[in-house]
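As stored in upload15.cif (mmCIF, C-alpha atoms):
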```cif
data_model
#
loop_
_atom_site.group_PDB
_atom_site.id
_atom_site.type_symbol
_atom_site.label_atom_id
_atom_site.label_comp_id
_atom_site.auth_asym_id
_atom_site.auth_seq_id
_atom_site.Cartn_x
_atom_site.Cartn_y
_atom_site.Cartn_z
ATOM 1 C CA LEU A 252 -10.505 -0.064 9.223
ATOM 2 C CA CYS A 253 -6.756 -0.630 9.005
ATOM 3 C CA TYR A 254 -4.611 -2.464 11.550
ATOM 4 C CA VAL A 255 -1.357 -0.542 11.988
ATOM 5 C CA ASP A 256 -0.638 -1.196 15.683
ATOM 6 C CA PRO A 257 2.978 -2.399 15.118
ATOM 7 C CA LEU A 258 3.840 0.938 13.485
ATOM 8 C CA CYS A 259 4.553 4.195 15.307
ATOM 9 C CA ASN A 260 2.536 7.283 14.326
ATOM 10 C CA LYS A 261 5.153 8.488 11.836
ATOM 11 C CA ASP A 262 5.403 5.076 10.162
ATOM 12 C CA THR A 263 1.605 4.771 10.074
ATOM 13 C CA ILE A 264 1.422 8.027 8.128
ATOM 14 C CA LYS A 265 4.088 6.690 5.760
ATOM 15 C CA PHE A 266 2.059 3.490 5.298
ATOM 16 C CA PHE A 267 -1.091 5.420 4.399
ATOM 17 C CA ILE A 268 0.841 7.592 1.955
ATOM 18 C CA ALA A 269 2.327 4.492 0.327
ATOM 19 C CA ASN A 270 -1.049 2.701 0.298
ATOM 20 C CA PRO A 271 -3.794 5.336 0.076
ATOM 21 C CA ASN A 272 -6.381 2.795 -1.021
ATOM 22 C CA SER A 273 -5.728 0.297 1.777
ATOM 23 C CA ILE A 274 -8.674 -0.146 4.058
ATOM 24 C CA GLY A 275 -7.509 -3.152 6.005
ATOM 25 C CA ASN A 276 -9.076 -6.185 7.486
ATOM 26 C CA PRO A 277 -12.586 -5.997 5.960
ATOM 27 C CA VAL A 278 -11.049 -6.119 2.519
ATOM 28 C CA LEU A 279 -8.774 -9.016 3.462
ATOM 29 C CA SER A 280 -11.757 -10.913 4.824
ATOM 30 C CA THR A 281 -13.633 -10.307 1.581
ATOM 31 C CA ILE A 282 -10.652 -11.445 -0.507
ATOM 32 C CA PHE A 283 -10.205 -14.631 1.486
ATOM 33 C CA GLY A 284 -13.952 -15.224 1.372
ATOM 34 C CA CYS A 285 -13.800 -15.013 -2.430
ATOM 35 C CA LEU A 286 -10.845 -17.402 -2.475
ATOM 36 C CA HIS A 287 -12.671 -19.929 -0.337
ATOM 37 C CA CYS A 288 -15.779 -19.556 -2.483
ATOM 38 C CA ALA A 289 -13.692 -20.171 -5.613
ATOM 39 C CA LEU A 290 -12.189 -23.305 -4.057
ATOM 40 C CA ALA A 291 -15.681 -24.515 -3.107
ATOM 41 C CA MET A 292 -16.854 -23.886 -6.677
ATOM 42 C CA LEU A 293 -13.865 -25.865 -7.939
ATOM 43 C CA MET A 294 -14.877 -28.831 -5.814
ATOM 44 C CA TRP A 295 -18.475 -28.512 -7.021
ATOM 45 C CA VAL A 296 -17.353 -28.350 -10.672
ATOM 46 C CA VAL A 297 -15.259 -31.504 -10.198
ATOM 47 C CA GLY A 298 -18.266 -33.330 -8.806
ATOM 48 C CA THR A 299 -20.863 -32.160 -11.322
ATOM 49 C CA CYS A 300 -19.095 -31.331 -14.584
ATOM 50 C CA GLY A 301 -15.960 -33.476 -14.652
ATOM 51 C CA THR A 302 -12.269 -32.917 -14.844
ATOM 52 C CA VAL A 303 -12.110 -30.846 -18.043
ATOM 53 C CA HIS A 304 -14.290 -28.116 -16.601
ATOM 54 C CA ALA A 305 -12.531 -28.489 -13.260
ATOM 55 C CA ALA A 306 -9.177 -27.851 -14.965
ATOM 56 C CA ILE A 307 -10.526 -24.584 -16.370
ATOM 57 C CA MET A 308 -11.925 -23.634 -12.982
ATOM 58 C CA GLY A 309 -8.611 -24.644 -11.367
ATOM 59 C CA LEU A 310 -6.794 -22.219 -13.680
ATOM 60 C CA PHE A 311 -9.165 -19.488 -12.520
ATOM 61 C CA VAL A 312 -8.434 -20.304 -8.858
ATOM 62 C CA LEU A 313 -4.688 -20.328 -9.581
ATOM 63 C CA VAL A 314 -4.896 -16.826 -11.060
ATOM 64 C CA ILE A 315 -6.705 -15.623 -7.927
ATOM 65 C CA ILE A 316 -4.022 -17.137 -5.688
ATOM 66 C CA VAL A 317 -1.182 -15.560 -7.708
ATOM 67 C CA VAL A 318 -2.808 -12.122 -7.541
ATOM 68 C CA LEU A 319 -3.349 -12.457 -3.791
ATOM 69 C CA LEU A 320 0.265 -13.524 -3.224
ATOM 70 C CA ALA A 321 1.552 -10.613 -5.295
ATOM 71 C CA GLU A 322 -0.492 -8.222 -3.155
ATOM 72 C CA VAL A 323 0.787 -9.751 0.092
ATOM 73 C CA ILE A 324 4.401 -9.560 -1.121
ATOM 74 C CA ASP A 325 3.955 -5.941 -2.222
ATOM 75 C CA LYS A 326 2.393 -4.774 1.048
ATOM 76 C CA GLY A 327 4.771 -6.903 3.125
ATOM 77 C CA GLY A 328 7.742 -5.114 1.584
ATOM 78 C CA PHE A 329 6.721 -1.743 3.041
ATOM 79 C CA ASP A 330 9.822 0.129 4.273
ATOM 80 C CA PRO A 331 9.313 3.007 6.718
ATOM 81 C CA SER A 332 13.076 3.514 7.143
ATOM 82 C CA GLY A 333 13.549 5.508 3.927
ATOM 83 C CA ARG A 334 16.639 3.519 2.941
ATOM 84 C CA SER A 335 15.330 1.374 0.096
ATOM 85 C CA LYS A 336 13.672 1.819 -3.262
ATOM 86 C CA LYS A 337 10.421 0.500 -1.746
ATOM 87 C CA SER A 338 10.332 3.526 0.596
ATOM 88 C CA MET A 339 9.740 5.786 -2.408
ATOM 89 C CA GLU A 340 6.103 4.721 -2.087
ATOM 90 C CA TRP A 341 5.737 7.240 0.731
ATOM 91 C CA GLN A 342 8.654 9.640 0.104
ATOM 92 C CA TRP A 343 6.990 11.157 -2.964
ATOM 93 C CA THR A 344 5.194 13.653 -0.692
ATOM 94 C CA HIS A 345 8.530 15.466 -0.294
ATOM 95 C CA MET A 346 8.913 15.937 -4.055
ATOM 96 C CA PRO A 347 7.443 18.529 -6.419
ATOM 97 C CA GLN A 348 3.889 17.682 -7.508
ATOM 98 C CA GLU A 349 4.929 16.876 -11.079
ATOM 99 C CA ASP A 350 7.073 14.012 -9.695
ATOM 100 C CA TRP A 351 4.223 12.495 -7.653
ATOM 101 C CA PRO A 352 2.893 9.054 -8.644
ATOM 102 C CA TRP A 353 0.085 8.813 -11.172
ATOM 103 C CA PHE A 354 -2.677 8.362 -8.573
ATOM 104 C CA ALA A 355 -1.755 11.568 -6.725
ATOM 105 C CA ARG A 356 -0.464 13.669 -9.615
ATOM 106 C CA GLY A 357 -3.865 13.745 -11.267
ATOM 107 C CA ALA A 358 -5.664 14.883 -8.106
ATOM 108 C CA LYS A 359 -8.045 17.631 -9.133
ATOM 109 C CA ASP A 360 -9.157 18.237 -5.561
ATOM 110 C CA SER A 361 -6.886 20.814 -3.933
ATOM 111 C CA LYS A 362 -7.962 19.553 -0.506
ATOM 112 C CA ALA A 363 -6.565 16.085 -1.278
ATOM 113 C CA VAL A 364 -3.276 17.639 -2.431
ATOM 114 C CA ARG A 365 -3.050 19.658 0.798
ATOM 115 C CA ILE A 366 -3.654 16.514 2.851
ATOM 116 C CA PHE A 367 -0.839 14.674 1.057
ATOM 117 C CA GLU A 368 1.442 17.668 1.594
ATOM 118 C CA LYS A 369 0.521 17.818 5.304
ATOM 119 C CA PHE A 370 1.304 14.110 5.655
ATOM 120 C CA GLY A 371 4.709 14.765 4.095
ATOM 121 C CA ASP A 372 5.306 17.744 6.389
ATOM 122 C CA ALA A 373 4.375 15.640 9.430
ATOM 123 C CA ILE A 374 6.937 13.022 8.432
ATOM 124 C CA GLN A 375 9.626 15.671 7.890
ATOM 125 C CA ASP A 376 8.875 17.271 11.270
ATOM 126 C CA GLU A 377 8.990 13.915 13.057
ATOM 127 C CA VAL A 378 12.314 12.982 11.448
ATOM 128 C CA LYS A 379 13.845 16.382 12.276
ATOM 129 C CA HIS A 380 12.552 16.255 15.839
ATOM 130 C CA HIS A 381 13.692 12.709 16.681
ATOM 131 C CA HIS A 382 16.581 12.110 14.266
ATOM 132 C CA PRO A 383 18.327 15.409 13.314
ATOM 133 C CA ALA A 384 21.302 13.714 11.610
ATOM 134 C CA GLN A 385 19.010 11.484 9.552
ATOM 135 C CA SER A 386 16.878 14.451 8.413
ATOM 136 C CA ASP A 387 19.953 16.240 7.026
ATOM 137 C CA ALA A 388 20.922 13.120 5.054
ATOM 138 C CA GLY A 389 17.335 12.752 3.844
ATOM 139 C CA ALA A 390 17.202 16.378 2.731
ATOM 140 C CA GLN A 391 20.383 15.894 0.679
ATOM 141 C CA ARG A 392 18.979 12.730 -0.920
ATOM 142 C CA LEU A 393 15.726 14.416 -1.902
#
```
What does the file become when written as structure tokens?
Amino acid sequence: LCYVDPLCNKDTIKFFIANPNSIGNPVLSTIFGCLHCALAMLMWVVGTCGTVHAAIMGLFVLVIIVVLLAEVIDKGGFDPSGRSKKSMEWQWTHMPQEDWPWFARGAKDSKAVRIFEKFGDAIQDEVKHHHPAQSDAGAQRL
């Protein structure tokens, strides 16, 4: 359900840690379908109700576009390198549980916590295996 072909396995894991609720292309298709429907409704409102109602509907469509752009900018800024503030979206798995983000900190399911911890361990192992000097610097930073 999620297209991550340009990312290697390690970076794919980082992406899913940073975006645990992302489910990919079906959601994007639904979002763009809603946007197109809203634009079609705007054209219909212009034709049937006049410009005053169309202005209100246009404001609604503008809000949808702004929210969609904010989401694209947020997801487009994903950083698998670990060198920017944006990379903290996936690096939290290396921290104590009390420092985890709100959506993971409140996990009452111990299985979910173990999965997050295993994702973090997989990233650490991959970094140590392929980039030993980088893993030492990362350990000092965390």
**Request:** Go ahead and compute the interatomic distance for CA of Val314 (chain A) and CA of Gly328 (chain A), in Å to one decimal.
**Result:** 21.4 Å
**Target residues per the PyMOL selection byres ((chain A and resi 303-309) around 12), formatted as a count of residues only** = 23
I need the residue set behind the PyMOL selection byres ((chain A and resi 341) around 12) for this file; please write it as a tab-separated table (two decimals) with C-alpha atoms, keeping the file's coordinate frame.
```tsv
chain	number	residue	atom	x	y	z
A	261	LYS	CA	5.15	8.49	11.84
A	262	ASP	CA	5.40	5.08	10.16
A	263	THR	CA	1.60	4.77	10.07
A	264	ILE	CA	1.42	8.03	8.13
A	265	LYS	CA	4.09	6.69	5.76
A	266	PHE	CA	2.06	3.49	5.30
A	267	PHE	CA	-1.09	5.42	4.40
A	268	ILE	CA	0.84	7.59	1.96
A	269	ALA	CA	2.33	4.49	0.33
A	270	ASN	CA	-1.05	2.70	0.30
A	271	PRO	CA	-3.79	5.34	0.08
A	329	PHE	CA	6.72	-1.74	3.04
A	330	ASP	CA	9.82	0.13	4.27
A	331	PRO	CA	9.31	3.01	6.72
A	332	SER	CA	13.08	3.51	7.14
A	333	GLY	CA	13.55	5.51	3.93
A	334	ARG	CA	16.64	3.52	2.94
A	335	SER	CA	15.33	1.37	0.10
A	336	LYS	CA	13.67	1.82	-3.26
A	337	LYS	CA	10.42	0.50	-1.75
A	338	SER	CA	10.33	3.53	0.60
A	339	MET	CA	9.74	5.79	-2.41
A	340	GLU	CA	6.10	4.72	-2.09
A	342	GLN	CA	8.65	9.64	0.10
A	343	TRP	CA	6.99	11.16	-2.96
A	344	THR	CA	5.19	13.65	-0.69
A	345	HIS	CA	8.53	15.47	-0.29
A	346	MET	CA	8.91	15.94	-4.06
A	351	TRP	CA	4.22	12.50	-7.65
A	352	PRO	CA	2.89	9.05	-8.64
A	355	ALA	CA	-1.76	11.57	-6.72
A	367	PHE	CA	-0.84	14.67	1.06
A	368	GLU	CA	1.44	17.67	1.59
A	370	PHE	CA	1.30	14.11	5.66
A	371	GLY	CA	4.71	14.76	4.10
A	372	ASP	CA	5.31	17.74	6.39
A	374	ILE	CA	6.94	13.02	8.43
A	375	GLN	CA	9.63	15.67	7.89
```
**Distance in Å - CA of Ile366 (chain A) versus CA of Phe354 (chain A)** = 14.1 Å
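In this model, the gap between CA of Val364 (chain A) and CA of Asp325 (chain A) comes to 24.7 Å.
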